[in-house]
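One file, query-v8.cif, carrying mmCIF, N, CA and C atoms:
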data_protein
#
loop_
_atom_site.label_atom_id
_atom_site.label_comp_id
_atom_site.auth_asym_id
_atom_site.auth_seq_id
_atom_site.Cartn_x
_atom_site.Cartn_y
_atom_site.Cartn_z
N THR Q 1 85.18 108.96 93.26
CA THR Q 1 83.90 108.48 93.77
C THR Q 1 84.12 107.20 94.58
N PHE Q 2 83.10 106.87 95.36
CA PHE Q 2 83.20 105.70 96.24
C PHE Q 2 83.40 104.41 95.45
N VAL Q 3 82.69 104.27 94.33
CA VAL Q 3 82.81 103.05 93.52
C VAL Q 3 84.22 102.94 92.95
N MET Q 4 84.78 104.06 92.50
CA MET Q 4 86.13 104.05 91.95
C MET Q 4 87.15 103.66 93.01
N HIS Q 5 86.98 104.17 94.22
CA HIS Q 5 87.91 103.82 95.30
C HIS Q 5 87.80 102.35 95.66
N ARG Q 6 86.57 101.82 95.70
CA ARG Q 6 86.38 100.39 95.98
C ARG Q 6 87.04 99.54 94.90
N LYS Q 7 86.90 99.96 93.65
CA LYS Q 7 87.53 99.24 92.54
C LYS Q 7 89.04 99.22 92.71
N ARG Q 8 89.62 100.37 93.03
CA ARG Q 8 91.09 100.44 93.19
C ARG Q 8 91.54 99.64 94.39
N ILE Q 9 90.80 99.69 95.48
CA ILE Q 9 91.16 98.89 96.66
C ILE Q 9 91.18 97.42 96.29
N GLY Q 10 90.18 96.98 95.54
CA GLY Q 10 90.14 95.59 95.08
C GLY Q 10 91.34 95.23 94.22
N GLN Q 11 91.73 96.16 93.36
CA GLN Q 11 92.90 95.93 92.51
C GLN Q 11 94.17 95.81 93.34
N TYR Q 12 94.30 96.67 94.34
CA TYR Q 12 95.49 96.63 95.19
C TYR Q 12 95.51 95.36 96.04
N ILE Q 13 94.36 94.90 96.48
CA ILE Q 13 94.31 93.63 97.22
C ILE Q 13 94.72 92.49 96.29
N PHE Q 14 94.23 92.51 95.05
CA PHE Q 14 94.62 91.49 94.07
C PHE Q 14 96.13 91.52 93.84
N LEU Q 15 96.68 92.74 93.65
CA LEU Q 15 98.13 92.86 93.49
C LEU Q 15 98.86 92.33 94.72
N GLY Q 16 98.32 92.64 95.90
CA GLY Q 16 98.94 92.17 97.14
C GLY Q 16 99.00 90.66 97.22
N ILE Q 17 97.92 90.01 96.83
CA ILE Q 17 97.89 88.55 96.85
C ILE Q 17 98.89 87.99 95.84
N CYS Q 18 98.90 88.57 94.64
CA CYS Q 18 99.87 88.13 93.62
C CYS Q 18 101.30 88.33 94.10
N GLY Q 19 101.60 89.54 94.57
CA GLY Q 19 102.96 89.85 95.00
C GLY Q 19 103.39 89.05 96.21
N GLY Q 20 102.49 88.88 97.16
CA GLY Q 20 102.81 88.07 98.34
C GLY Q 20 103.11 86.63 97.96
N SER Q 21 102.32 86.09 97.05
CA SER Q 21 102.53 84.72 96.60
C SER Q 21 103.85 84.57 95.86
N ILE Q 22 104.14 85.53 94.98
CA ILE Q 22 105.39 85.47 94.22
C ILE Q 22 106.59 85.56 95.16
N TYR Q 23 106.56 86.52 96.09
CA TYR Q 23 107.71 86.67 96.99
C TYR Q 23 107.86 85.46 97.90
N TYR Q 24 106.76 84.94 98.42
CA TYR Q 24 106.81 83.74 99.25
C TYR Q 24 107.44 82.59 98.47
N LEU Q 25 107.03 82.42 97.22
CA LEU Q 25 107.58 81.36 96.38
C LEU Q 25 109.07 81.56 96.12
N ILE Q 26 109.48 82.80 95.84
CA ILE Q 26 110.91 83.09 95.62
C ILE Q 26 111.72 82.70 96.86
N GLU Q 27 111.24 83.11 98.03
CA GLU Q 27 111.95 82.74 99.26
C GLU Q 27 111.98 81.23 99.45
N TYR Q 28 110.88 80.58 99.17
CA TYR Q 28 110.83 79.12 99.36
C TYR Q 28 111.81 78.42 98.42
N ILE Q 29 111.89 78.90 97.19
CA ILE Q 29 112.81 78.30 96.21
C ILE Q 29 114.27 78.50 96.65
N PHE Q 30 114.62 79.71 97.09
CA PHE Q 30 116.02 80.01 97.39
C PHE Q 30 116.44 79.71 98.82
N ARG Q 31 115.50 79.74 99.77
CA ARG Q 31 115.86 79.48 101.17
C ARG Q 31 115.34 78.13 101.68
N GLY Q 32 114.36 77.58 100.98
CA GLY Q 32 113.76 76.33 101.42
C GLY Q 32 112.62 76.53 102.40
N PHE Q 33 112.32 77.77 102.75
CA PHE Q 33 111.22 78.10 103.65
C PHE Q 33 110.92 79.58 103.52
N SER Q 34 109.79 79.97 104.05
CA SER Q 34 109.44 81.37 104.16
C SER Q 34 108.57 81.53 105.40
N HIS Q 35 107.97 82.67 105.57
CA HIS Q 35 107.16 82.97 106.75
C HIS Q 35 105.98 83.80 106.27
N TRP Q 36 104.85 83.65 106.94
CA TRP Q 36 103.66 84.38 106.50
C TRP Q 36 103.86 85.90 106.49
N SER Q 37 104.73 86.39 107.35
CA SER Q 37 104.99 87.83 107.36
C SER Q 37 105.64 88.28 106.05
N MET Q 38 106.37 87.38 105.38
CA MET Q 38 106.99 87.71 104.10
C MET Q 38 105.94 87.76 102.99
N PHE Q 39 104.89 86.96 103.13
CA PHE Q 39 103.76 87.06 102.20
C PHE Q 39 103.13 88.45 102.30
N LEU Q 40 102.91 88.90 103.54
CA LEU Q 40 102.33 90.24 103.73
C LEU Q 40 103.25 91.34 103.22
N LEU Q 41 104.52 91.25 103.57
CA LEU Q 41 105.48 92.27 103.14
C LEU Q 41 105.60 92.31 101.61
N GLY Q 42 105.72 91.14 101.00
CA GLY Q 42 105.79 91.08 99.54
C GLY Q 42 104.54 91.64 98.89
N GLY Q 43 103.39 91.36 99.48
CA GLY Q 43 102.14 91.87 98.94
C GLY Q 43 102.03 93.38 99.05
N ILE Q 44 102.43 93.91 100.18
CA ILE Q 44 102.39 95.37 100.37
C ILE Q 44 103.33 96.05 99.37
N CYS Q 45 104.51 95.51 99.21
CA CYS Q 45 105.48 96.11 98.28
C CYS Q 45 104.98 96.04 96.84
N PHE Q 46 104.43 94.90 96.45
CA PHE Q 46 103.94 94.74 95.08
C PHE Q 46 102.78 95.69 94.81
N SER Q 47 101.90 95.85 95.80
CA SER Q 47 100.80 96.81 95.65
C SER Q 47 101.35 98.22 95.49
N TYR Q 48 102.39 98.54 96.25
CA TYR Q 48 103.01 99.85 96.13
C TYR Q 48 103.58 100.06 94.72
N PHE Q 49 104.18 99.02 94.14
CA PHE Q 49 104.72 99.15 92.79
C PHE Q 49 103.63 99.62 91.83
N GLY Q 50 102.46 98.97 91.92
CA GLY Q 50 101.35 99.34 91.05
C GLY Q 50 100.83 100.73 91.37
N MET Q 51 100.73 101.05 92.64
CA MET Q 51 100.20 102.34 93.06
C MET Q 51 101.08 103.49 92.58
N GLN Q 52 102.38 103.38 92.78
CA GLN Q 52 103.26 104.48 92.39
C GLN Q 52 103.28 104.65 90.87
N GLY Q 53 103.20 103.56 90.15
CA GLY Q 53 103.18 103.67 88.69
C GLY Q 53 101.90 104.28 88.18
N ARG Q 54 100.80 103.85 88.77
CA ARG Q 54 99.50 104.39 88.36
C ARG Q 54 99.43 105.89 88.65
N GLU Q 55 99.95 106.31 89.80
CA GLU Q 55 99.89 107.73 90.17
C GLU Q 55 100.69 108.61 89.21
N THR Q 56 101.70 108.05 88.59
CA THR Q 56 102.50 108.82 87.63
C THR Q 56 102.16 108.44 86.19
N SER Q 57 101.09 107.67 86.02
CA SER Q 57 100.65 107.19 84.69
C SER Q 57 101.76 106.43 83.97
N TRP Q 58 102.65 105.83 84.72
CA TRP Q 58 103.77 105.05 84.18
C TRP Q 58 104.64 105.91 83.26
N ASN Q 59 104.65 107.21 83.47
CA ASN Q 59 105.42 108.12 82.61
C ASN Q 59 106.80 108.45 83.13
N GLU Q 60 107.09 108.15 84.38
CA GLU Q 60 108.43 108.44 84.89
C GLU Q 60 109.42 107.41 84.37
N ALA Q 61 110.65 107.83 84.26
CA ALA Q 61 111.70 106.90 83.83
C ALA Q 61 111.74 105.71 84.78
N LEU Q 62 111.99 104.55 84.22
CA LEU Q 62 112.00 103.32 85.01
C LEU Q 62 113.01 103.40 86.15
N TRP Q 63 114.16 104.02 85.91
CA TRP Q 63 115.17 104.08 86.97
C TRP Q 63 114.66 104.88 88.17
N ILE Q 64 113.86 105.92 87.94
CA ILE Q 64 113.30 106.70 89.04
C ILE Q 64 112.31 105.84 89.84
N GLN Q 65 111.49 105.07 89.12
CA GLN Q 65 110.55 104.18 89.79
C GLN Q 65 111.30 103.12 90.61
N VAL Q 66 112.38 102.61 90.06
CA VAL Q 66 113.16 101.58 90.77
C VAL Q 66 113.76 102.17 92.04
N VAL Q 67 114.31 103.36 91.96
CA VAL Q 67 114.88 104.00 93.16
C VAL Q 67 113.78 104.19 94.21
N ARG Q 68 112.65 104.74 93.80
CA ARG Q 68 111.54 104.98 94.74
C ARG Q 68 111.07 103.65 95.37
N CYS Q 69 110.90 102.65 94.54
CA CYS Q 69 110.41 101.36 95.05
C CYS Q 69 111.45 100.66 95.92
N THR Q 70 112.72 100.77 95.57
CA THR Q 70 113.76 100.16 96.39
C THR Q 70 113.79 100.81 97.77
N ILE Q 71 113.67 102.11 97.82
CA ILE Q 71 113.62 102.80 99.12
C ILE Q 71 112.42 102.30 99.92
N PHE Q 72 111.27 102.18 99.26
CA PHE Q 72 110.07 101.68 99.94
C PHE Q 72 110.29 100.26 100.45
N VAL Q 73 110.85 99.39 99.61
CA VAL Q 73 111.06 97.99 99.99
C VAL Q 73 112.03 97.88 101.17
N VAL Q 74 113.15 98.58 101.09
CA VAL Q 74 114.16 98.48 102.14
C VAL Q 74 113.62 99.07 103.45
N ALA Q 75 112.93 100.20 103.37
CA ALA Q 75 112.33 100.78 104.58
C ALA Q 75 111.28 99.85 105.17
N SER Q 76 110.47 99.24 104.32
CA SER Q 76 109.44 98.30 104.79
C SER Q 76 110.08 97.06 105.41
N GLU Q 77 111.15 96.59 104.79
CA GLU Q 77 111.85 95.42 105.34
C GLU Q 77 112.44 95.76 106.70
N PHE Q 78 113.00 96.95 106.84
CA PHE Q 78 113.58 97.35 108.11
C PHE Q 78 112.50 97.42 109.20
N ILE Q 79 111.40 98.07 108.90
CA ILE Q 79 110.30 98.17 109.88
C ILE Q 79 109.76 96.79 110.23
N THR Q 80 109.54 95.96 109.21
CA THR Q 80 109.05 94.60 109.46
C THR Q 80 110.05 93.81 110.28
N GLY Q 81 111.33 93.95 109.95
CA GLY Q 81 112.37 93.24 110.70
C GLY Q 81 112.41 93.65 112.15
N ILE Q 82 112.31 94.94 112.41
CA ILE Q 82 112.30 95.40 113.80
C ILE Q 82 111.10 94.79 114.54
N LEU Q 83 109.95 94.76 113.87
CA LEU Q 83 108.74 94.21 114.51
C LEU Q 83 108.83 92.69 114.71
N VAL Q 84 109.08 91.96 113.62
CA VAL Q 84 108.98 90.50 113.71
C VAL Q 84 110.24 89.85 114.28
N ASN Q 85 111.40 90.42 114.01
CA ASN Q 85 112.63 89.79 114.48
C ASN Q 85 113.08 90.29 115.85
N LYS Q 86 113.06 91.59 116.03
CA LYS Q 86 113.56 92.17 117.29
C LYS Q 86 112.48 92.22 118.36
N TRP Q 87 111.33 92.78 118.03
CA TRP Q 87 110.29 92.98 119.03
C TRP Q 87 109.58 91.67 119.36
N MET Q 88 109.17 90.91 118.31
CA MET Q 88 108.42 89.68 118.56
C MET Q 88 109.34 88.46 118.70
N GLY Q 89 110.59 88.57 118.29
CA GLY Q 89 111.55 87.49 118.45
C GLY Q 89 111.33 86.28 117.56
N TRP Q 90 110.71 86.48 116.41
CA TRP Q 90 110.40 85.34 115.53
C TRP Q 90 111.61 84.87 114.72
N GLU Q 91 112.65 85.67 114.62
CA GLU Q 91 113.89 85.30 113.91
C GLU Q 91 113.63 84.80 112.49
N VAL Q 92 112.88 85.60 111.73
CA VAL Q 92 112.57 85.24 110.35
C VAL Q 92 113.80 85.38 109.46
N TRP Q 93 114.62 86.41 109.68
CA TRP Q 93 115.90 86.57 108.97
C TRP Q 93 116.85 87.36 109.84
N ASP Q 94 118.14 87.28 109.46
CA ASP Q 94 119.18 88.01 110.17
C ASP Q 94 120.33 88.26 109.21
N TYR Q 95 120.58 89.50 108.91
CA TYR Q 95 121.67 89.88 108.01
C TYR Q 95 122.92 90.31 108.75
N SER Q 96 123.04 89.93 110.01
CA SER Q 96 124.19 90.37 110.81
C SER Q 96 125.52 89.94 110.23
N ASP Q 97 125.53 88.86 109.46
CA ASP Q 97 126.78 88.39 108.87
C ASP Q 97 127.07 89.03 107.51
N GLN Q 98 126.19 89.93 107.07
CA GLN Q 98 126.35 90.59 105.77
C GLN Q 98 127.02 91.96 105.96
N PRO Q 99 127.75 92.41 104.95
CA PRO Q 99 128.36 93.74 105.06
C PRO Q 99 127.32 94.85 104.99
N TYR Q 100 127.66 95.94 105.66
CA TYR Q 100 126.83 97.14 105.63
C TYR Q 100 125.38 96.87 106.03
N HIS Q 101 125.22 96.19 107.16
CA HIS Q 101 123.87 95.91 107.65
C HIS Q 101 123.50 96.92 108.74
N ILE Q 102 122.19 97.07 108.95
CA ILE Q 102 121.68 97.91 110.03
C ILE Q 102 120.87 97.01 110.95
N PHE Q 103 121.40 96.79 112.15
CA PHE Q 103 120.77 95.93 113.16
C PHE Q 103 120.45 94.53 112.63
N GLY Q 104 121.10 94.10 111.57
CA GLY Q 104 120.85 92.79 111.00
C GLY Q 104 119.54 92.68 110.24
N GLN Q 105 118.86 93.81 110.04
CA GLN Q 105 117.53 93.76 109.42
C GLN Q 105 117.54 94.14 107.94
N VAL Q 106 118.45 94.97 107.54
CA VAL Q 106 118.65 95.31 106.13
C VAL Q 106 120.15 95.36 105.90
N CYS Q 107 120.54 95.17 104.63
CA CYS Q 107 121.96 95.24 104.30
C CYS Q 107 122.11 95.62 102.83
N LEU Q 108 123.26 96.12 102.50
CA LEU Q 108 123.51 96.58 101.13
C LEU Q 108 123.39 95.48 100.08
N PRO Q 109 123.96 94.28 100.30
CA PRO Q 109 123.83 93.25 99.26
C PRO Q 109 122.37 92.90 98.94
N PHE Q 110 121.54 92.77 99.96
CA PHE Q 110 120.15 92.43 99.71
C PHE Q 110 119.35 93.62 99.20
N ALA Q 111 119.72 94.83 99.59
CA ALA Q 111 119.07 96.01 99.03
C ALA Q 111 119.32 96.07 97.53
N THR Q 112 120.52 95.70 97.12
CA THR Q 112 120.86 95.66 95.70
C THR Q 112 120.04 94.59 94.98
N LEU Q 113 119.94 93.42 95.60
CA LEU Q 113 119.11 92.35 95.03
C LEU Q 113 117.65 92.79 94.93
N PHE Q 114 117.15 93.44 95.97
CA PHE Q 114 115.76 93.89 95.96
C PHE Q 114 115.52 94.94 94.88
N SER Q 115 116.54 95.75 94.57
CA SER Q 115 116.36 96.74 93.50
C SER Q 115 116.15 96.03 92.16
N ALA Q 116 116.85 94.92 91.96
CA ALA Q 116 116.64 94.14 90.73
C ALA Q 116 115.24 93.52 90.73
N LEU Q 117 114.79 93.03 91.87
CA LEU Q 117 113.43 92.50 91.96
C LEU Q 117 112.39 93.59 91.73
N CYS Q 118 112.72 94.82 92.10
CA CYS Q 118 111.80 95.94 91.88
C CYS Q 118 111.55 96.16 90.39
N VAL Q 119 112.58 96.01 89.58
CA VAL Q 119 112.40 96.17 88.13
C VAL Q 119 111.35 95.17 87.65
N PHE Q 120 111.52 93.92 88.02
CA PHE Q 120 110.57 92.87 87.66
C PHE Q 120 109.18 93.19 88.23
N GLY Q 121 109.12 93.58 89.50
CA GLY Q 121 107.85 93.83 90.16
C GLY Q 121 107.09 95.02 89.58
N ILE Q 122 107.80 96.08 89.25
CA ILE Q 122 107.17 97.25 88.65
C ILE Q 122 106.54 96.87 87.32
N CYS Q 123 107.31 96.20 86.49
CA CYS Q 123 106.80 95.82 85.16
C CYS Q 123 105.63 94.85 85.28
N LEU Q 124 105.77 93.84 86.13
CA LEU Q 124 104.70 92.85 86.27
C LEU Q 124 103.44 93.48 86.84
N SER Q 125 103.56 94.33 87.85
CA SER Q 125 102.37 94.95 88.43
C SER Q 125 101.66 95.83 87.40
N ALA Q 126 102.42 96.52 86.58
CA ALA Q 126 101.83 97.36 85.53
C ALA Q 126 101.04 96.53 84.54
N TYR Q 127 101.62 95.43 84.12
CA TYR Q 127 100.93 94.59 83.14
C TYR Q 127 99.75 93.83 83.74
N ILE Q 128 99.84 93.47 85.01
CA ILE Q 128 98.68 92.85 85.66
C ILE Q 128 97.52 93.85 85.70
N LEU Q 129 97.81 95.11 86.06
CA LEU Q 129 96.76 96.13 86.06
C LEU Q 129 96.19 96.33 84.66
N HIS Q 130 97.04 96.26 83.66
CA HIS Q 130 96.59 96.43 82.28
C HIS Q 130 95.77 95.22 81.80
N TRP Q 131 96.33 94.02 81.95
CA TRP Q 131 95.68 92.82 81.43
C TRP Q 131 94.40 92.45 82.20
N CYS Q 132 94.46 92.55 83.50
CA CYS Q 132 93.34 92.08 84.32
C CYS Q 132 92.27 93.14 84.58
N PHE Q 133 92.65 94.42 84.55
CA PHE Q 133 91.71 95.46 84.94
C PHE Q 133 91.54 96.55 83.89
N GLY Q 134 92.17 96.38 82.72
CA GLY Q 134 92.00 97.35 81.64
C GLY Q 134 92.62 98.71 81.89
N GLU Q 135 93.57 98.76 82.81
CA GLU Q 135 94.25 100.03 83.08
C GLU Q 135 95.15 100.39 81.90
N LYS Q 136 95.60 101.63 81.90
CA LYS Q 136 96.48 102.12 80.84
C LYS Q 136 97.68 101.21 80.65
N LYS Q 137 97.98 100.91 79.40
CA LYS Q 137 99.16 100.09 79.10
C LYS Q 137 100.41 100.89 79.42
N PRO Q 138 101.32 100.30 80.21
CA PRO Q 138 102.54 101.03 80.56
C PRO Q 138 103.45 101.22 79.33
N ASN Q 139 104.16 102.31 79.36
CA ASN Q 139 105.11 102.62 78.31
C ASN Q 139 106.44 102.93 79.00
N PHE Q 140 107.18 101.89 79.34
CA PHE Q 140 108.40 102.06 80.12
C PHE Q 140 109.50 102.66 79.28
N HIS Q 141 110.28 103.55 79.91
CA HIS Q 141 111.47 104.12 79.28
C HIS Q 141 112.54 104.30 80.34
N ILE Q 142 113.77 104.23 79.93
CA ILE Q 142 114.91 104.25 80.86
C ILE Q 142 115.19 105.67 81.34
N VAL Q 143 115.17 106.65 80.46
CA VAL Q 143 115.45 108.04 80.85
C VAL Q 143 114.26 108.94 80.59
#

Could you render the structure from this file as structure tokens?
Amino acid sequence: TFVMHRKRIGQYIFLGICGGSIYYLIEYIFRGFSHWSMFLLGGICFSYFGMQGRETSWNEALWIQVVRCTIFVVASEFITGILVNKWMGWEVWDYSDQPYHIFGQVCLPFATLFSALCVFGICLSAYILHWCFGEKKPNFHIV
């Protein structure tokens, strides 16, 4: 129904703000700066974490969710990088000095790091939906 969709949209916007803020803060702590585009990217990814978990009722093995979310994050980072770094020339990041990079926009070491952040993000988004919006309590399992 329309009311249900509005409620979910509001929840995803809330998750987006939380996730964008968390990712922006992580970048600021470790790099000393961030960019507003990273707030948006972090928010979109965090919302996706909640969305994919909700769609599967948090019943899939955590490793499957991490793989799915890591693919989403890396693909989103690549698209964002092409737009903000290559097309717009903002030079927000450059992984050209990292091994196994693609056009300097994504690389294996950071994809691995992002997969670890996905574990944290999946769990946190699930509990935010549970604590703040009364959604089903997640029951995470490895296999």

- request: List the residues matched by the PyMOL selection byres (((chain Q and resi 91 and name CA) around 12) and name CA) in the displayed structure as a PyMOL selection string, ordered by chain and then by residue number.
  value: chain Q and resi 34-35+37+80-90+92-96+104-105

Which centre and which edge lengths, in Å to one decimal, describe the axis-aligned box that holds all listed atoms of segment 99-105 of chain Q after 3 Å is added on each side, as lines of an AutoDock Vina configuration file?
center_x = 122.9
center_y = 95.2
center_z = 109.1
size_x = 16.8
size_y = 11.5
size_z = 14.2

Members of chain Q assigned strand (DSSP E) by DSSP, as a list in words: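 Selection result, strand (DSSP E) within chain Q: His101, Ile102, Val106 and Cys107 of chain Q.
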
field: Residue nearest Gly53 of chain Q among Q:Ile122, Q:Ile142, Q:Ile128, Q:Leu25 (counting all atoms listed in the file)
entry: Q:Ile122

message: Between atom CA of Arg54 of chain Q and atom CA of Tyr24 of chain Q, what is the distance in Å, rounded to a tenth?
response: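 The value is 24.5 Å.
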
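Of the listed residues (Q:Ser21, Q:Phe46, Q:Ser57, Q:Phe39), Q:Ser57 comes nearest to His130 of chain Q; the distances count only C-alpha atoms.
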
task: Please evaluate the PyMOL selection byres (((chain Q and resi 49 and name CA) around 7) and name CA) against the displayed coordinates and give the resulting residues as a VMD selection string.
output: chain Q and resid 45 to 48 50 to 53 69 121 to 122 125

task: Would you work out the distance separating atom CA of Arg68 of chain Q from atom CA of Val119 of chain Q, expressed in Å to one decimal?
output: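 Atom-to-atom, atom CA of Arg68 of chain Q to atom CA of Val119 of chain Q, that is 11.0 Å.
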
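For the pair atom CA of Phe110 of chain Q and atom CA of Asn139 of chain Q, the interatomic distance is 28.1 Å.
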
Which residues are close to Ile13 of chain Q, i.e. within 8 Å by all atoms listed in the file, leaving aside same-chain residues fewer than 5 positions away? Reply as a PDB file with N, CA and C atoms, in the coordinates of the input.
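Generated file (part.pdb):
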ATOM      1  N   LYS Q   7      86.900  99.960  93.650  1.00  0.00           N
ATOM      2  CA  LYS Q   7      87.530  99.240  92.540  1.00  0.00           C
ATOM      3  C   LYS Q   7      89.040  99.220  92.710  1.00  0.00           C
ATOM      4  N   ARG Q   8      89.620 100.370  93.030  1.00  0.00           N
ATOM      5  CA  ARG Q   8      91.090 100.440  93.190  1.00  0.00           C
ATOM      6  C   ARG Q   8      91.540  99.640  94.390  1.00  0.00           C
ATOM      7  N   CYS Q  18      98.900  88.570  94.640  1.00  0.00           N
ATOM      8  CA  CYS Q  18      99.870  88.130  93.620  1.00  0.00           C
ATOM      9  C   CYS Q  18     101.300  88.330  94.100  1.00  0.00           C
ATOM     10  N   GLY Q  19     101.600  89.540  94.570  1.00  0.00           N
ATOM     11  CA  GLY Q  19     102.960  89.850  95.000  1.00  0.00           C
ATOM     12  C   GLY Q  19     103.390  89.050  96.210  1.00  0.00           C
ATOM     13  N   GLY Q  43     103.390  91.360  99.480  1.00  0.00           N
ATOM     14  CA  GLY Q  43     102.140  91.870  98.940  1.00  0.00           C
ATOM     15  C   GLY Q  43     102.030  93.380  99.050  1.00  0.00           C
ATOM     16  N   SER Q  47     101.900  95.850  95.800  1.00  0.00           N
ATOM     17  CA  SER Q  47     100.800  96.810  95.650  1.00  0.00           C
ATOM     18  C   SER Q  47     101.350  98.220  95.490  1.00  0.00           C
TER      19      SER Q  47
END

query: Restricting the calculation to only C-alpha atoms, which member of Q:Ile44, Q:Val106, Q:Trp36, Q:Phe72 is positioned closest to Phe14 of chain Q?
result: Q:Ile44

task: Taking the DSSP assignment computed from this structure's backbone, write out as an NGL selection string all residues of chain Q that belong to alpha helix (DSSP H).
output: :Q and (2-31 or 36-55 or 62-81 or 108-133)
